[in-house]
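Written below as structure tokens is the structure these notes are about.
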Amino acid sequence: MDPMRINFRSTAVVTGKPGLVQPERAVTTGKTVTPAQSFGEVLGQELEKASSGVAFSKHAAQRAAQRSIDLSEASMARLNEGVRLAEQKGLNDTLILVDRTAFLVNVPNNTVITAVSGNELDGNVFTNIDGTVVI
């Protein structure tokens with residue numbers, strides 16, 4: 001072995017003060033998360049949002065009001081059940097029929113796009129849907 005030749009081994013080089021803990025950092029996912037929130041708290045908030053039910057677009061809310069569509073707690077529960085069934089089947093834009101009311105729902109966004117009821121259903125053709133749920 002040549003004494004001038006130095007044998008370097010791959011060893012980790014540690015700089016800074018040992019045991020120094022970095023400040024906790026918030027993960028950026030496009031949502032506001034404070035460093036003090038635990039994973040469980042964030043998960044709970046997201047589950048609560050998901051279970052709160054389907055949302056109505058501005059257009060759908062206007063149509064529901066103009067057409068006096070029943071949005072009682074019972075009909076909303078049935079609509080939410082229809083969205084759940086559509087989601088299980090992997091549907092995207094779905095026609096959900098609740099009695100004599102039709103809701104066109106974008107399932108991935110959990111949003112009602114439009115609503116039609118009563119006699120307005122007769123003669124209507126719904127296009128660009130990938131499934132229908134009768135509930």
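Labels used: A, B, ... for chains in the order of the structure tokens, numbers from 1 for residues in each chain, and numbers from 1 for ligands as shown.
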- Name the residues in contact with A:Gln66 at a cut-off of 12 Å, using only C-alpha atoms, excluding same-chain residues fewer than 4 positions from it; report them as a PyMOL selection string. chain A and resi 59-62+70+114-117
- Got a sec: who's within 7 Å of stretch 105-110 of chain A, counting only C-alpha atoms, leaving out chain neighbours fewer than 2 positions off, as a count of residues only? 12
- Message: I'd like the contact shell of A:Leu121 - 8 Å cut-off, only C-alpha atoms, skipping same-chain residues fewer than 2 positions apart - returned as an NGL selection string.
- Response: :A and (100-102 or 116-119 or 123-124)
Those residues with N, CA and C atoms, as an mmCIF file, in the first residue's frame please?
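Final output, out.cif:
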```cif
data_model
loop_
_atom_site.group_PDB
_atom_site.id
_atom_site.type_symbol
_atom_site.label_atom_id
_atom_site.label_comp_id
_atom_site.auth_asym_id
_atom_site.auth_seq_id
_atom_site.Cartn_x
_atom_site.Cartn_y
_atom_site.Cartn_z
ATOM 1 N N ARG A 100 -90.165 12.976 -9.182
ATOM 2 C CA ARG A 100 -90.335 13.638 -10.485
ATOM 3 C C ARG A 100 -89.379 14.820 -10.629
ATOM 4 N N THR A 101 -88.216 14.726 -10.017
ATOM 5 C CA THR A 101 -87.203 15.773 -10.135
ATOM 6 C C THR A 101 -85.911 15.148 -10.646
ATOM 7 N N ALA A 102 -85.311 15.795 -11.648
ATOM 8 C CA ALA A 102 -84.044 15.337 -12.212
ATOM 9 C C ALA A 102 -82.946 16.311 -11.820
ATOM 10 N N VAL A 116 -84.355 19.889 -12.909
ATOM 11 C CA VAL A 116 -85.595 19.997 -13.680
ATOM 12 C C VAL A 116 -86.653 19.197 -12.935
ATOM 13 N N SER A 117 -87.889 19.706 -12.896
ATOM 14 C CA SER A 117 -88.922 18.969 -12.166
ATOM 15 C C SER A 117 -90.254 18.975 -12.894
ATOM 16 N N GLY A 118 -91.133 18.117 -12.403
ATOM 17 C CA GLY A 118 -92.528 18.077 -12.844
ATOM 18 C C GLY A 118 -92.716 17.892 -14.324
ATOM 19 N N ASN A 119 -93.622 18.718 -14.885
ATOM 20 C CA ASN A 119 -93.981 18.612 -16.292
ATOM 21 C C ASN A 119 -92.825 18.986 -17.218
ATOM 22 N N GLY A 123 -90.501 15.122 -22.443
ATOM 23 C CA GLY A 123 -89.920 15.532 -23.712
ATOM 24 C C GLY A 123 -88.490 16.024 -23.633
ATOM 25 N N ASN A 124 -87.907 16.060 -22.449
ATOM 26 C CA ASN A 124 -86.522 16.496 -22.311
ATOM 27 C C ASN A 124 -85.565 15.383 -22.716
#
```
- atom CA of A:Arg84 and atom CA of A:Asn128 are how many Å apart?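 The value is 19.7 Å.
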